[in-house]
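Trainee: The structure file coords26.txt (compact mmCIF, C-alpha atoms) is provided below.
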```txt
# COMPACT_ATOMS: atom_id res chain seq x y z
CA MET Y 1 1.04 -8.96 0.93
CA PRO Y 2 2.86 -11.96 -0.57
CA GLN Y 3 4.23 -14.56 1.83
CA ARG Y 4 7.95 -13.85 1.90
CA ARG Y 5 10.61 -16.52 1.48
CA GLN Y 6 12.73 -16.73 4.62
CA THR Y 7 16.36 -15.70 4.13
CA ARG Y 8 19.34 -15.07 6.37
CA SER Y 9 19.43 -11.57 7.80
CA PHE Y 10 22.03 -8.86 8.34
CA SER Y 11 22.27 -5.12 7.75
CA ILE Y 12 23.87 -2.83 5.20
CA GLY Y 13 24.76 0.49 6.76
CA GLY Y 14 22.11 -0.09 9.43
CA LEU Y 15 19.43 -1.06 6.89
CA PRO Y 16 18.01 -4.55 7.60
CA ILE Y 17 18.30 -6.97 4.67
CA GLY Y 18 16.61 -10.37 4.46
CA GLY Y 19 14.91 -12.23 7.29
CA GLY Y 20 11.54 -10.72 6.40
CA ALA Y 21 12.75 -7.10 6.41
CA PRO Y 22 10.94 -4.77 3.98
CA VAL Y 23 12.07 -5.06 0.37
CA SER Y 24 14.54 -2.25 -0.30
CA VAL Y 25 14.81 -0.15 -3.47
CA GLN Y 26 18.20 0.44 -5.05
CA SER Y 27 19.59 2.57 -7.85
CA MET Y 28 23.00 3.51 -9.18
CA ALA Y 29 24.90 6.71 -9.98
CA ASN Y 30 25.50 7.49 -13.65
CA VAL Y 31 27.76 10.52 -13.18
CA ASP Y 32 31.55 10.73 -13.04
CA PRO Y 33 32.67 8.59 -10.05
CA HIS Y 34 35.35 11.16 -9.30
CA ASP Y 35 32.85 14.07 -8.98
CA ALA Y 36 31.81 14.19 -5.34
CA ALA Y 37 29.30 17.01 -5.81
CA ALA Y 38 27.50 15.28 -8.68
CA LEU Y 39 27.39 11.99 -6.80
CA SER Y 40 26.06 13.62 -3.64
CA GLY Y 41 23.36 15.37 -5.65
CA GLN Y 42 22.10 12.15 -7.21
CA ILE Y 43 22.18 10.35 -3.87
CA ALA Y 44 20.17 13.11 -2.18
CA ARG Y 45 17.56 13.25 -4.94
CA CYS Y 46 17.12 9.49 -5.00
CA ALA Y 47 16.97 9.22 -1.22
CA ALA Y 48 14.23 11.86 -1.16
CA LEU Y 49 12.21 9.74 -3.60
CA GLY Y 50 12.44 6.67 -1.35
CA CYS Y 51 15.67 5.00 -2.47
CA ASP Y 52 17.09 2.79 0.29
CA ILE Y 53 20.53 1.85 -1.09
CA PHE Y 54 22.67 3.56 -3.73
CA ARG Y 55 25.49 2.01 -5.76
CA LEU Y 56 28.57 3.77 -7.14
CA THR Y 57 31.05 2.36 -9.60
CA VAL Y 58 34.64 2.28 -8.37
CA PRO Y 59 36.91 1.91 -11.44
CA ASP Y 60 40.08 2.98 -9.63
CA VAL Y 61 41.49 3.80 -6.23
CA ASP Y 62 40.87 7.54 -6.69
CA ALA Y 63 37.15 6.81 -7.11
CA ALA Y 64 37.23 4.84 -3.86
CA LYS Y 65 38.62 7.90 -2.08
CA VAL Y 66 35.81 10.04 -3.50
CA LEU Y 67 33.30 7.43 -2.39
CA GLY Y 68 34.66 7.72 1.14
CA GLU Y 69 34.15 11.48 1.05
CA VAL Y 70 30.62 11.14 -0.31
CA ARG Y 71 29.76 8.44 2.23
CA LYS Y 72 30.23 10.84 5.14
CA ALA Y 73 27.25 12.95 4.06
CA SER Y 74 25.07 10.26 2.43
CA PRO Y 75 21.63 9.79 3.99
CA ILE Y 76 21.48 6.17 2.75
CA PRO Y 77 23.93 3.23 2.57
CA LEU Y 78 26.35 3.12 -0.36
CA VAL Y 79 27.55 0.08 -2.29
CA ALA Y 80 30.82 -0.01 -4.23
CA ASP Y 81 30.48 -1.66 -7.64
CA ILE Y 82 33.72 -3.52 -8.37
CA HIS Y 83 34.90 -5.05 -11.64
CA PHE Y 84 38.28 -6.41 -12.74
CA ASP Y 85 40.59 -4.91 -10.09
CA TYR Y 86 40.27 -6.41 -6.61
CA ARG Y 87 42.40 -3.57 -5.24
CA CYS Y 88 39.49 -1.20 -5.85
CA ALA Y 89 37.41 -3.35 -3.50
CA LEU Y 90 40.08 -3.13 -0.82
CA ALA Y 91 40.27 0.64 -1.24
CA ALA Y 92 36.47 0.95 -1.01
CA ILE Y 93 36.41 -1.09 2.20
CA GLU Y 94 39.07 1.14 3.71
CA ALA Y 95 37.07 4.19 2.62
CA GLY Y 96 34.12 2.99 4.72
CA VAL Y 97 31.71 1.77 2.05
CA ASP Y 98 28.62 0.00 3.43
CA ALA Y 99 28.74 -2.98 1.04
CA LEU Y 100 30.51 -4.35 -2.02
CA ARG Y 101 29.16 -5.69 -5.28
CA LEU Y 102 31.52 -8.22 -6.87
CA ASN Y 103 31.16 -9.96 -10.23
CA PRO Y 104 32.75 -13.44 -10.11
CA GLY Y 105 33.14 -13.47 -13.87
CA ASN Y 106 35.73 -10.71 -13.92
CA ILE Y 107 37.17 -10.17 -10.45
CA GLY Y 108 40.14 -12.49 -11.01
CA ALA Y 109 41.72 -15.54 -9.36
CA ARG Y 110 40.40 -17.18 -6.21
CA ASP Y 111 43.20 -15.82 -4.03
CA ARG Y 112 42.24 -12.25 -4.97
CA VAL Y 113 38.63 -12.90 -4.04
CA GLN Y 114 39.78 -14.38 -0.74
CA THR Y 115 41.83 -11.27 -0.02
CA VAL Y 116 38.75 -9.11 -0.54
CA VAL Y 117 36.54 -11.37 1.55
CA ARG Y 118 38.97 -11.34 4.47
CA ALA Y 119 39.10 -7.55 4.41
CA ALA Y 120 35.30 -7.36 4.20
CA LYS Y 121 34.96 -9.74 7.13
CA ALA Y 122 37.36 -7.68 9.22
CA HIS Y 123 35.36 -4.51 8.51
CA ARG Y 124 31.93 -6.22 8.68
CA THR Y 125 31.21 -5.14 5.10
CA PRO Y 126 28.49 -7.24 3.36
CA ILE Y 127 29.02 -8.45 -0.20
CA ARG Y 128 26.62 -8.85 -3.09
CA ILE Y 129 27.58 -11.51 -5.60
CA GLY Y 130 26.31 -9.99 -8.84
CA VAL Y 131 26.23 -12.39 -11.78
CA ASN Y 132 25.21 -11.20 -15.26
CA PHE Y 133 24.83 -13.31 -18.38
CA GLY Y 134 27.14 -10.93 -20.23
CA SER Y 135 30.06 -11.60 -17.89
CA LEU Y 136 29.89 -15.30 -17.06
CA GLU Y 137 33.11 -17.20 -16.47
CA LYS Y 138 34.57 -18.55 -19.72
CA GLU Y 139 33.85 -22.20 -18.92
CA LEU Y 140 30.19 -21.56 -18.12
CA ASP Y 141 29.76 -19.25 -21.09
CA ALA Y 142 31.12 -22.00 -23.36
CA LYS Y 143 28.64 -24.51 -21.96
CA VAL Y 144 25.75 -22.14 -22.60
CA ARG Y 145 26.86 -21.40 -26.15
CA SER Y 146 27.29 -25.11 -26.92
CA GLY Y 147 23.81 -25.88 -25.61
CA ALA Y 148 25.12 -28.05 -22.78
CA MET Y 149 23.68 -25.76 -20.09
CA ARG Y 150 20.74 -23.39 -19.80
CA VAL Y 151 21.47 -19.75 -19.05
CA SER Y 152 19.63 -19.97 -15.74
CA GLU Y 153 21.71 -22.96 -14.67
CA ALA Y 154 24.93 -21.18 -15.61
CA LEU Y 155 23.99 -18.05 -13.70
CA CYS Y 156 23.13 -20.05 -10.58
CA GLU Y 157 26.26 -22.21 -10.80
CA SER Y 158 28.42 -19.11 -11.09
CA ALA Y 159 26.77 -17.44 -8.11
CA LEU Y 160 26.81 -20.51 -5.89
CA GLY Y 161 30.43 -21.30 -6.77
CA HIS Y 162 31.41 -17.81 -5.69
CA LEU Y 163 29.27 -18.14 -2.56
CA ARG Y 164 31.24 -21.23 -1.58
CA ILE Y 165 34.47 -19.22 -1.70
CA LEU Y 166 32.97 -16.66 0.67
CA GLU Y 167 31.50 -19.23 3.02
CA ASP Y 168 34.75 -21.17 3.12
CA GLU Y 169 36.16 -18.00 4.68
CA GLY Y 170 33.36 -17.98 7.25
CA PHE Y 171 31.66 -15.05 5.52
CA ARG Y 172 27.85 -15.16 5.49
CA ASP Y 173 26.61 -11.59 4.99
CA VAL Y 174 25.93 -12.20 1.31
CA VAL Y 175 23.27 -11.01 -1.14
CA ILE Y 176 23.06 -12.67 -4.56
CA SER Y 177 21.75 -11.47 -7.92
CA VAL Y 178 21.54 -13.45 -11.17
CA LYS Y 179 20.45 -10.99 -13.85
CA ALA Y 180 19.55 -11.61 -17.46
CA SER Y 181 18.18 -9.16 -20.01
CA ASP Y 182 14.93 -11.00 -20.73
CA VAL Y 183 12.01 -11.70 -18.45
CA MET Y 184 11.66 -15.46 -18.78
CA THR Y 185 15.34 -16.20 -18.10
CA THR Y 186 15.22 -13.84 -15.13
CA LEU Y 187 12.22 -15.69 -13.67
CA GLU Y 188 13.77 -19.09 -14.20
CA SER Y 189 17.13 -18.03 -12.73
CA TYR Y 190 15.75 -16.52 -9.52
CA ARG Y 191 13.30 -19.36 -8.93
CA LEU Y 192 16.13 -21.83 -9.27
CA LEU Y 193 18.44 -19.84 -7.03
CA SER Y 194 15.80 -19.40 -4.33
CA GLU Y 195 15.61 -23.20 -4.02
CA ARG Y 196 19.37 -23.55 -3.56
CA THR Y 197 20.34 -20.87 -1.04
CA ASP Y 198 18.97 -18.92 1.89
CA CYS Y 199 20.92 -15.80 0.93
CA PRO Y 200 18.85 -12.65 0.40
CA LEU Y 201 18.25 -12.07 -3.31
CA HIS Y 202 18.61 -8.79 -5.18
CA LEU Y 203 16.18 -8.73 -8.12
CA GLY Y 204 16.61 -7.01 -11.45
CA VAL Y 205 16.53 -7.34 -15.22
CA THR Y 206 19.93 -6.23 -16.46
CA GLU Y 207 20.24 -3.99 -19.51
CA ALA Y 208 16.45 -3.83 -19.64
CA GLY Y 209 16.36 -0.88 -22.03
CA THR Y 210 15.00 2.63 -22.20
CA LEU Y 211 12.29 4.08 -19.98
CA LEU Y 212 9.15 2.44 -21.35
CA PRO Y 213 10.28 -1.06 -22.40
CA GLY Y 214 12.71 -1.23 -19.48
CA THR Y 215 10.03 -0.35 -16.95
CA VAL Y 216 7.64 -2.91 -18.45
CA ARG Y 217 10.22 -5.73 -18.45
CA ASN Y 218 11.26 -5.00 -14.88
CA SER Y 219 7.69 -4.62 -13.68
CA VAL Y 220 6.67 -7.98 -15.12
CA ALA Y 221 9.71 -9.89 -13.86
CA LEU Y 222 9.97 -8.26 -10.45
CA GLY Y 223 6.22 -8.23 -9.91
CA ILE Y 224 5.95 -11.96 -10.57
CA LEU Y 225 8.93 -12.88 -8.38
CA LEU Y 226 7.88 -10.63 -5.51
CA SER Y 227 4.34 -12.01 -5.65
CA GLU Y 228 5.90 -15.47 -5.23
CA GLY Y 229 7.74 -14.28 -2.14
CA ILE Y 230 11.13 -14.15 -3.86
CA GLY Y 231 13.33 -11.07 -3.46
CA ASP Y 232 14.75 -8.91 -0.69
CA THR Y 233 16.04 -5.90 -2.64
CA ILE Y 234 15.27 -4.63 -6.15
CA ARG Y 235 16.64 -2.35 -8.83
CA VAL Y 236 14.72 -1.27 -11.93
CA SER Y 237 17.64 -0.90 -14.34
CA LEU Y 238 16.84 1.69 -17.01
CA THR Y 239 18.62 3.72 -19.65
CA ALA Y 240 17.42 6.79 -17.79
CA GLU Y 241 18.14 8.92 -14.75
CA PRO Y 242 18.41 6.98 -11.47
CA GLU Y 243 15.49 8.99 -10.12
CA ARG Y 244 13.31 7.25 -12.72
CA GLU Y 245 14.53 3.88 -11.50
CA VAL Y 246 13.60 4.72 -7.93
CA ARG Y 247 10.12 5.87 -8.82
CA ALA Y 248 9.49 2.75 -10.89
CA GLY Y 249 10.75 0.52 -8.09
CA MET Y 250 8.58 2.27 -5.52
CA GLU Y 251 5.51 1.89 -7.70
CA ILE Y 252 6.15 -1.84 -8.15
CA LEU Y 253 6.29 -2.32 -4.39
CA ARG Y 254 3.26 -0.10 -3.81
CA SER Y 255 1.24 -2.04 -6.36
CA LEU Y 256 1.92 -5.23 -4.36
CA GLY Y 257 1.12 -3.60 -1.03
CA MET Y 258 4.78 -3.80 0.00
CA LYS Y 259 5.24 -0.03 0.40
CA PRO Y 260 2.79 2.57 1.70
CA ALA Y 261 0.89 4.63 -0.82
CA GLY Y 262 2.74 7.73 -1.99
CA PRO Y 263 2.20 10.67 -4.32
CA ALA Y 264 0.27 9.09 -7.17
CA ILE Y 265 -2.93 9.99 -8.99
CA THR Y 266 -5.73 8.17 -10.74
CA SER Y 267 -6.06 9.48 -14.28
CA CYS Y 268 -7.72 8.35 -17.48
CA PRO Y 269 -6.05 7.65 -20.85
CA THR Y 270 -8.29 10.27 -22.55
CA CYS Y 271 -10.45 9.84 -25.66
CA GLY Y 272 -12.23 11.93 -28.27
CA ARG Y 273 -14.58 13.35 -25.62
CA THR Y 274 -11.73 15.07 -23.80
CA LYS Y 275 -11.86 18.86 -24.16
CA VAL Y 276 -9.00 19.75 -21.81
CA ASN Y 277 -5.22 19.25 -21.92
CA LEU Y 278 -5.35 16.34 -19.50
CA PHE Y 279 -1.79 15.17 -20.10
CA LYS Y 280 -0.41 18.53 -19.03
CA VAL Y 281 -2.67 18.96 -16.01
CA ALA Y 282 -2.19 15.40 -14.78
CA ALA Y 283 1.59 15.83 -14.95
CA GLU Y 284 1.36 19.15 -13.10
CA VAL Y 285 -0.77 17.63 -10.35
CA GLU Y 286 1.55 14.63 -9.99
CA SER Y 287 4.62 16.88 -9.82
CA ALA Y 288 2.96 19.10 -7.22
CA LEU Y 289 2.09 16.07 -5.10
CA GLU Y 290 5.65 14.78 -5.41
CA ALA Y 291 7.12 18.12 -4.33
CA TYR Y 292 4.74 18.31 -1.38
CA ALA Y 293 5.61 14.77 -0.28
CA LEU Y 294 9.34 15.45 -0.48
CA SER Y 295 8.99 18.52 1.74
CA HIS Y 296 6.95 16.60 4.32
CA GLY Y 297 9.03 13.56 5.19
CA GLY Y 298 9.76 11.97 1.82
CA ALA Y 299 7.73 10.14 -0.77
CA GLY Y 300 7.79 6.85 1.09
CA ALA Y 301 6.58 8.37 4.35
CA ALA Y 302 3.93 10.73 3.02
CA VAL Y 303 0.34 9.56 3.34
CA LEU Y 304 -1.51 11.74 0.88
CA PRO Y 305 -5.19 12.16 0.02
CA ARG Y 306 -6.37 10.27 -3.06
CA VAL Y 307 -6.42 12.44 -6.16
CA ALA Y 308 -8.12 11.75 -9.50
CA VAL Y 309 -7.68 13.68 -12.75
CA MET Y 310 -10.27 12.60 -15.31
CA GLY Y 311 -10.90 13.82 -18.83
CA CYS Y 312 -14.69 13.80 -19.18
CA VAL Y 313 -18.02 12.97 -17.58
CA VAL Y 314 -18.06 9.24 -18.46
CA ASN Y 315 -16.01 8.08 -15.48
CA GLY Y 316 -15.06 11.41 -13.94
CA PRO Y 317 -17.96 11.86 -11.49
CA GLY Y 318 -17.71 8.22 -10.43
CA GLU Y 319 -14.00 8.51 -9.73
CA ALA Y 320 -14.67 11.76 -7.90
CA LYS Y 321 -16.78 9.86 -5.37
CA GLY Y 322 -13.89 7.54 -4.55
CA ALA Y 323 -11.20 10.23 -4.42
CA ASP Y 324 -10.55 12.88 -1.80
CA VAL Y 325 -9.90 15.49 -4.47
CA ALA Y 326 -10.84 15.09 -8.13
CA LEU Y 327 -10.84 17.02 -11.37
CA CYS Y 328 -13.39 16.17 -14.04
CA GLY Y 329 -12.76 17.62 -17.48
CA ALA Y 330 -15.41 19.81 -19.09
CA ASN Y 331 -15.19 22.15 -22.09
CA GLY Y 332 -11.82 23.86 -21.60
CA GLU Y 333 -12.01 23.70 -17.81
CA PHE Y 334 -12.43 21.26 -14.92
CA VAL Y 335 -15.12 20.59 -12.36
CA LEU Y 336 -13.48 20.25 -8.96
CA PHE Y 337 -14.77 17.70 -6.45
CA VAL Y 338 -13.72 17.44 -2.80
CA LYS Y 339 -14.85 14.37 -0.87
CA GLY Y 340 -17.30 13.66 -3.68
CA GLN Y 341 -18.93 17.10 -3.57
CA ASN Y 342 -18.86 19.55 -6.48
CA VAL Y 343 -17.12 22.68 -5.20
CA GLY Y 344 -16.95 24.59 -8.46
CA ARG Y 345 -15.08 24.98 -11.74
CA VAL Y 346 -11.40 25.78 -12.29
CA SER Y 347 -9.38 26.68 -15.36
CA GLU Y 348 -6.60 24.47 -16.69
CA SER Y 349 -3.99 26.96 -15.53
CA GLU Y 350 -5.14 26.95 -11.91
CA ALA Y 351 -6.21 23.29 -11.66
CA ALA Y 352 -3.03 21.92 -10.04
CA SER Y 353 -2.76 24.73 -7.47
CA LYS Y 354 -6.43 24.34 -6.50
CA VAL Y 355 -6.01 20.60 -6.05
CA MET Y 356 -3.03 21.19 -3.77
CA GLU Y 357 -4.94 23.70 -1.66
CA TYR Y 358 -7.44 20.99 -0.80
CA VAL Y 359 -4.79 18.28 -0.44
CA VAL Y 360 -3.08 20.39 2.22
CA SER Y 361 -6.32 21.19 4.02
CA ILE Y 362 -7.48 17.55 4.05
CA ARG Y 363 -4.13 16.17 5.19
```
Could you rewrite the structure in this file as structure tokens?
Mentor:
Amino acid sequence: MPQRRQTRSFSIGGLPIGGGAPVSVQSMANVDPHDAAALSGQIARCAALGCDIFRLTVPDVDAAKVLGEVRKASPIPLVADIHFDYRCALAAIEAGVDALRLNPGNIGARDRVQTVVRAAKAHRTPIRIGVNFGSLEKELDAKVRSGAMRVSEALCESALGHLRILEDEGFRDVVISVKASDVMTTLESYRLLSERTDCPLHLGVTEAGTLLPGTVRNSVALGILLSEGIGDTIRVSLTAEPEREVRAGMEILRSLGMKPAGPAITSCPTCGRTKVNLFKVAAEVESALEAYALSHGGAGAAVLPRVAVMGCVVNGPGEAKGADVALCGANGEFVLFVKGQNVGRVSESEAASKVMEYVVSIR
């Protein structure tokens, strides 16, 4: 595992943040913030997939009241996302939210920020300073556009200026994020920030795009920073369902050895030798593993046998030796291997169910 940068530590809703605590995965609701049932459903699904913290936008006081209702049944800590109206932050604190996310570029005058900070301090509610390139303060934005300041410098100056306001109030339970929409600016910004503060850092590429390009951009940026020991929480921002964000975030951490292995398979990209519908079967096996993990303690907690789904005999038998359960494509069917031993042939339609029979017996 990468050597982690040491940061100050505290907790959000009982979840340790910073100070060497495990990197947490976050996502955000994309349903109506006034619909308690819809919010609770997304929270439950994301929590089951391994999400550690969930964020909800609070555009008005009514949404803060709904957040308070949802918080009572939430299995994970909730963060109120606040823009423009500081009174929404105050209402969220009163509703019992676990943390706030404030954007210094649009929250208003210093005295309003101070009012929020004092309320947060009284309720022991941590704050994330969330700076985005798209909502920098006017003075900093002007410097960037004139070429007098790099984007990374502007993002850091904005965040650290806001941090000073909080610390002047004796408030130290602060997470910081400085998000840009491209990888190189994101890397430069977080590296710079990590040299200037000991606050825990929340990593992400903002407005990263749809599922494929967004996942790639986030994986590159977050993977590099985490491998350098930078980052205490992450969000893979995607134009997709929050469940997709959680799964992508979990896989990034797993690939770096920062989360235990979960329900994933080894599968080949297929070629002209493939005589089975590997895409369909691989997806069915992965979904079956996911469902099994969720019903046995959650995706993050489940330690599952290794499963391979291969399209032909080129690499299939070799992968079968290294997997606990493996399918090797033949002509319209699969050869099934368990612990490297050929146990027979199965049709495409029964392949996933047969794999799961052995997964259950091995586990």
Trainee: Mind checking which residues fall within 8 Å of Val151 of chain Y, counting all atoms listed in the file, ignoring those fewer than 2 positions away in the same chain, and posting them as a PyMOL selection string?
Mentor: chain Y and resi 133+144+149+153-155+185+189
Trainee: Y:Arg164, Y:Lys321, Y:Arg55, Y:Lys65: which is nearest Val79 of chain Y, counting only C-alpha atoms?
Mentor: Y:Arg55
Trainee: Record the distance separating atom CA of Leu193 of chain Y and atom CA of Cys156 of chain Y, expressed in Å with one decimal.
Mentor: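 That distance, rounded to one decimal, is 5.9 Å.
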Trainee: Record the distance separating atom CA of Gly204 of chain Y and atom CA of Thr233 of chain Y, expressed in Å with one decimal.
Mentor: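 Value for the atom CA of Gly204 of chain Y-atom CA of Thr233 of chain Y distance: 8.9 Å.
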Trainee: Could you jot down the atom CA of Ala208 of chain Y to atom CA of Ala47 of chain Y separation for me, Å, one decimal place?
Mentor: 22.6 Å
Trainee: In terms of the shortest atom-to-atom distance over all atoms listed in the file, which of Y:Glu243, Y:Asp35, Y:Glu195, Y:Glu357 is closest to Glu69 of chain Y?
Mentor: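 Between Y:Glu243, Y:Asp35, Y:Glu195, Y:Glu357, the residue approaching Glu69 of chain Y most closely is Y:Asp35.
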Trainee: Taking into account only C-alpha atoms, which residue in the set Y:Asp111, Y:Asp60, Y:Glu290, Y:Glu157 is nearest to Arg87 of chain Y?
Mentor: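 Of Y:Asp111, Y:Asp60, Y:Glu290, Y:Glu157, the one nearest Arg87 of chain Y, counting only C-alpha atoms, is Y:Asp60.
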Trainee: Using all atoms listed in the file, pick whichever of Y:Ala293, Y:Arg150, Y:Asn331, Y:Asn277 has the shortest atom-to-atom distance to Val309 of chain Y.
Mentor: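 Selected residue with least distance to Val309 of chain Y: Y:Asn277.
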Trainee: So which one's closest to Gly257 of chain Y, Y:Val97, Y:Ser295, Y:Gly223, Y:Lys143? Using all atoms listed in the file, please.
Mentor: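 Smallest distance to Gly257 of chain Y is found for Y:Gly223.
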Trainee: So that I can check the surroundings of Gly13 of chain Y, please list as number ranges by chain every protein, DNA and RNA residue that reaches within 12 Å of it, counting only C-alpha atoms and ignoring chain neighbours fewer than 3 positions away.
Mentor: Y: 10, 16-17, 52-54, 71-72, 74-79, 96-100, 123-126
Trainee: Can you write just those residues out, C-alpha atoms, as an mmCIF file, keeping the file's coordinate frame?
Mentor:
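See selection33.cif below for the written result:
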```
data_model
loop_
_atom_site.group_PDB
_atom_site.id
_atom_site.type_symbol
_atom_site.label_atom_id
_atom_site.label_comp_id
_atom_site.auth_asym_id
_atom_site.auth_seq_id
_atom_site.Cartn_x
_atom_site.Cartn_y
_atom_site.Cartn_z
ATOM 1 C CA PHE Y 10 22.030 -8.860 8.340
ATOM 2 C CA PRO Y 16 18.010 -4.550 7.600
ATOM 3 C CA ILE Y 17 18.300 -6.970 4.670
ATOM 4 C CA ASP Y 52 17.090 2.790 0.290
ATOM 5 C CA ILE Y 53 20.530 1.850 -1.090
ATOM 6 C CA PHE Y 54 22.670 3.560 -3.730
ATOM 7 C CA ARG Y 71 29.760 8.440 2.230
ATOM 8 C CA LYS Y 72 30.230 10.840 5.140
ATOM 9 C CA SER Y 74 25.070 10.260 2.430
ATOM 10 C CA PRO Y 75 21.630 9.790 3.990
ATOM 11 C CA ILE Y 76 21.480 6.170 2.750
ATOM 12 C CA PRO Y 77 23.930 3.230 2.570
ATOM 13 C CA LEU Y 78 26.350 3.120 -0.360
ATOM 14 C CA VAL Y 79 27.550 0.080 -2.290
ATOM 15 C CA GLY Y 96 34.120 2.990 4.720
ATOM 16 C CA VAL Y 97 31.710 1.770 2.050
ATOM 17 C CA ASP Y 98 28.620 0.000 3.430
ATOM 18 C CA ALA Y 99 28.740 -2.980 1.040
ATOM 19 C CA LEU Y 100 30.510 -4.350 -2.020
ATOM 20 C CA HIS Y 123 35.360 -4.510 8.510
ATOM 21 C CA ARG Y 124 31.930 -6.220 8.680
ATOM 22 C CA THR Y 125 31.210 -5.140 5.100
ATOM 23 C CA PRO Y 126 28.490 -7.240 3.360
#
```
Trainee: Can you tell me, as JSON, numbers by chain, what residues are no more than 8 Å from Arg191 of chain Y when counting only C-alpha atoms, ignoring any on the same chain fewer than 3 positions away?
Mentor: {"Y": [187, 188, 194, 195, 225, 230]}
Trainee: May I have the residues from that selection written out with C-alpha atoms, as a tab-separated table (two decimals), in the coordinates of the input?
Mentor:
```
chain	number	residue	atom	x	y	z
Y	187	LEU	CA	12.22	-15.69	-13.67
Y	188	GLU	CA	13.77	-19.09	-14.20
Y	194	SER	CA	15.80	-19.40	-4.33
Y	195	GLU	CA	15.61	-23.20	-4.02
Y	225	LEU	CA	8.93	-12.88	-8.38
Y	230	ILE	CA	11.13	-14.15	-3.86
```
Trainee: (19.4, -8.9, -11.0) in this file's frame - what residues fall within 6 Å of it? Use all atoms listed in the file and give the answer as a PyMOL selection string.
Mentor: chain Y and resi 177-179+202-205
Trainee: Could you pull the residues within 7 Å of segment 350-356 of chain Y, counting only C-alpha atoms, minus those fewer than 2 positions along the same chain, as a list in words?
Mentor: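 Residues meeting the cut-off are Val281, Glu284, Val285, Val325, Val346, Ser347, Glu348, Tyr358, Val359 and Val360 of chain Y.
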Trainee: Need to verify the contact set: Ala326 of chain Y, 8 Å, all atoms listed in the file, exclusion of same-chain residues closer than 5 positions in sequence. Can you return it as a list in words?
Mentor: Val307, Ala308, Val309, Met310, Glu319, Ala320, Leu336, Phe337, Val338, Gly340 and Val355 of chain Y
Trainee: Mind writing the picked residues with C-alpha atoms as a PDB file, keeping the file's coordinate frame?
Mentor:
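In the end it all went to again-v1.pdb:
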```pdb
ATOM      1  CA  VAL Y 307      -6.420  12.440  -6.160  1.00  0.00           C
ATOM      2  CA  ALA Y 308      -8.120  11.750  -9.500  1.00  0.00           C
ATOM      3  CA  VAL Y 309      -7.680  13.680 -12.750  1.00  0.00           C
ATOM      4  CA  MET Y 310     -10.270  12.600 -15.310  1.00  0.00           C
ATOM      5  CA  GLU Y 319     -14.000   8.510  -9.730  1.00  0.00           C
ATOM      6  CA  ALA Y 320     -14.670  11.760  -7.900  1.00  0.00           C
ATOM      7  CA  LEU Y 336     -13.480  20.250  -8.960  1.00  0.00           C
ATOM      8  CA  PHE Y 337     -14.770  17.700  -6.450  1.00  0.00           C
ATOM      9  CA  VAL Y 338     -13.720  17.440  -2.800  1.00  0.00           C
ATOM     10  CA  GLY Y 340     -17.300  13.660  -3.680  1.00  0.00           C
ATOM     11  CA  VAL Y 355      -6.010  20.600  -6.050  1.00  0.00           C
TER      12      VAL Y 355
END
```
Trainee: I'd like to know which of Y:Glu169, Y:Glu137, Y:Glu94, Y:Glu333 is closest to Thr115 of chain Y, using only C-alpha atoms.
Mentor: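 Selected residue with least distance to Thr115 of chain Y: Y:Glu169.
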